[in-house]
Structures are given as C-alpha cells and as structure tokens.
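First the structure, in the form of structure tokens, and then the observations on it.
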Amino acid sequence: MADDYLVRIGKLIRDARQHRGWTQTQLAEALGTSQSAVNRIERGNQNISLEMIARIGEALDSEIVSLGYAGPMHLRVVGGRRLSGSIDVKTSKNACVALLCGSLLNKGRTVLRRVARIEEVYRLLEVLNSIGVRTRWINDGTDLEIVPPATLDLDAMDADAARRTRSIIMFLGPLLHRMDQFRLPYAGGCDLGTRTIEPHMIALRRFGLDITATEGIYHAVVERTAPDRPIVLTERGDTVTENALLAAARNDGVTVIRNASSNYMVQDLCFFLEALGVRVDGIGTTTLTVHGMADIDVDVDYSPSEDPVEAMSLLAAAVVTESELTIRRVPVEFLEIELAVLEEMGLDHDRTAEYAADNGRTRLIDLTVRPSKLEAPIDKIHPMPFPGLNIDNVPFFAAIAAVAQGKTLIHDWVYDNRAIYLTDLNRLGGRLQLLDPHRVLVEGPTRWRAAEMMCPPALRPAVVVLLAMMAAEGTSVLRNVYVINRGYEDLAERLNSVGAQIEIFRDI
C-alpha cells in the first residue's frame, strides 16, 4: 500500500476517533492492540490490512474510515416530524476558537472545559499541533489540555488546515509578542463575500506589527512598541476586538481599546485573560482597559460559556417544526433582543429563573418553546452590535418569518452576499424575494416541500435550510454539509434525540 494512502487512512482514523471523543488508548483497548500501534497507524507509519480498517470502522461506528479520500458528508432528512423533550446548548464555537488562539499567550498548561468538538476547532488544533503545541482530549474526551513548547516552529505550520479557518487571523495578536517575524496563510472559512483584514492591521500596527501580503501568505515583521494613546477600532468587530485584546494582554502596560465589541465571545476571552492574571476593566462595554503582563506562565482551568447562536438555532427548529421543546442552558443576555422580537411576533414560551454558567459570569436560563401563531413583525429584522440583535442570528429569522403570517423585511447589512443564500429556502417552498444583496422580503406562512439540494457555503444559512427540511413533509437531501460541521457539534444526532429523523451518509 502506497505511503500516501497510509497517511490518508491515518488522518481519517484520527478524525473519526476525535469525533467519537476517544483517546488513542481507548481505541487501542477496543482493538486489542497498543496505544503506540494506534499512534503509528494515525501517523501513516504502519501497514494496515483491510480487516483492520473494517475493525476500526466498527469500533468507532463510523463510515469515515474508508479507503482513499473520504467523500463529502450528506444528510437525508425525513421531515414533518414534531420535536419534543429537552436539549442542552453546547459551548460557544466562537469563544472556543478565540480561547485556543489565546492559549498561545500562556507558557503554562491551559485546560478548557467542554470544548466544542467541531471542524473549526479540529482545524485550529491541527495548526497548533503542527507548530509544536501539545494538545490532548482528557476526561473522556470532554475537556482539552494545551501545553505550548518553549519555541514555536512556525515554518512547520499546516498551511492547508490554516487556510480552512478564518480564525487563524487571531494568531496575529499572540504571535507578535513571541516572534520578530513570521508568516501566516491567508484566512479562509465561510463564503461571506469580501472581508478585509485592514481593521485588524489598524489596531495591531500600534503594537509594532507590519504586514505585507503576497502569494497567499501574510508576511509579518514586528518592531514591538506600546500604544501611546487609546486604540480606536475602525470596525466594532468581534475578531478585531479579540485580536486587539490578545495583543494587549502581553503588552507590559495599560492599553485602552475603544469601539470594542462587547459580544459573547469577546466577554469569554476577557474572562479567560483574567484567569491568566491579566486585568480587564470595562467587560461588557465598548471601552476595554487591559492591564497587560510581559510574561504569562500559569496553569489555568477555564470553562467557556454556552453558544447563543446555537440556542437560537434550536429555538428556530422548534418554531419551524411547530414543536414544544425545552432548550436548556441558554445564555439569555445574548438573546434578549431576539426573544423580545419573537414575543411581539406571538411566540408562546416560558423561561426559568436565571442561573450562572460554569464560568461564573454568564447568565443562563432554560427556555420552553411551544407551537405559536406568529405574525410578521412591524419593523424590519436587522442586526446591530451587542446588545442588539446578533448578526449570526439574522438568518434564523428567515425561517421563522416564513412560518409567520405576513411579510417580513430582513436586512443583513453586514455581509456582502449572505442574504442571497437565504433564497435557497425557495427550493423548499418558501416565498423569499431578494431585493438587493443585503435585503430579503419573506412572505408567510409557508407550505414546506421536500427537495434535494447542495448545502449553502455559509454556516448559518446552511442550518436554516436544514431546519426547513425538518419541517417539510417527505424526504429531503442536503449534500456536502462540511460547513455545518464547522460550527455545530453532532447537530444531526442531537436533533434526532428530540424527535428529528436525520441520517448521515456518504456516496460510495
């Protein structure tokens, strides 16, 4: 068997094992072999028989283990089913990727609790591992341990993994304190139109970072300096604010960041920085004052909070399928505007008293949604920076508006072309009119119908299409759902646990 096939098979086995949440030792025990043998298999350094491949596939209950390249994953959805019971919200995808980048600030051991096991996280782990950072899943695959090397080997970076995640841009803030010069591949991720990194550069130049871009690579040169006045962000973006925070954390002095995002992932990063010993004043406001430390070397244990966008996804699933569903561990402070809009539309729901997330700071509730007769809102649906309606929650209102009586105008002004993907709902019986690249008029109620279609290349519209398929009588097929796996952990299986009927399959 050719060496490249062994490497490919090894990667497929590793990915399947990680998705299952197993360690190499656990897989070895299931196979009756040693951990070192599993390690050699995953690295492509050991011949492997077809019988062993079959045994591994059976042990991991996964079709991912196969000869050659793994084909794209698809979903077969039997719709028209009501959901029931309760479902927990997972930890925040956007917070987890920021904390992974933030772990580069720390020379000590970082443990992150209940990390989202999603493709975006796996890609970042591949990048971190390739530059010498040791990571391993602990506590039955629930938590993640991160131990950095004394010196990062950026020349060995896995460029393919880096290009598949936009989060790689958040390496800039931590790395400018560790390296005098370095290179990063262009950031990738969702297809959301042109998104410039210039706001990042405006903030990071104040710390002495200079970047030129050639042939798909950012070339960075650092002449470290401390900002002599407040940094004013030209865009109140989440990743821009996070990059500025990561740079300020190891600036030995006080950095003031104005026009900062106060969104959920930014707050989680601030709480994590405080666990590292960095004082951050103004958390939850648009002015952050960071009291940085030149050196951070601590063992830290941190629990990121739950994902408000996933909570909104599950809420929308209940609304679109006309179901009664309890969604537990909802970070309500980041959904208050959405819930207020839905109340005006006629949503029938109950909520528990608030309680604290595992980070001790974020406010959670349990939310029960019941079948409701919704009316289109009088005002348009449009996002605003926190505490406004979350930018990533706007697409879910397209599906919700489609089951409401009347016409709803949705204005997705942030992204160049995300609104265009919402018109994919027309393939499923929706009546959406694209007014321009940012505005969609949705008319309801909708009689959903089954269809077979390709997954939109943007995360949230892709999930919106899946929810509509769950509401449509008959069998639908959603092809190539990698983009959903980038942002959601085991979404199909978890929806099945509350009554959906979604089958994962691959082409043979």
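Convention: chains lettered A, B, ... in structure tokens order; per-chain residue numbering from 1; ligands numbered from 1 as shown.
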
* Asked: Could you write out, as a PyMOL selection string, all the residues of range 144-372 of chain A that DSSP marks as strand (DSSP E)?
  -> chain A and resi 144-147+181-185+209-214+217-222+231-232+254-258+279-281+287-291+300-302+325-331+348-351+355-356+363-370

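Contact shell of Arg17 in chain A at 9 Å (only C-alpha atoms; same-chain neighbours under 4 positions omitted): A:Leu12, A:Ile13, A:Gly21, A:Trp22, A:Thr23, A:Gln24, A:Leu27, A:Leu60, A:Ser62.
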
* To do: Skip Phe272 in chain A itself and residues of its chain fewer than 3 positions away, then list as a ChimeraX atom specification all residues within 10 Å of it, counting only C-alpha atoms.
  => /A:95,98-99,102-103,112,266-269,275-278,300-304,359

* Structure fact -> If you count only C-alpha atoms, the residue of A:Ala318, A:Met73, A:Leu478, A:Ala37 closest to Phe505 in chain A turns out to be A:Met73

* To do: Identify, on the basis of only C-alpha atoms, every residue whose closest approach to Val121 in chain A does not exceed 10 Å; exclude the query and any residue fewer than 6 positions from it along the same chain; express the result as a VMD selection string.
  => chain A and resid 93 to 94 96 to 98 100 115 127 165 167 486 to 487
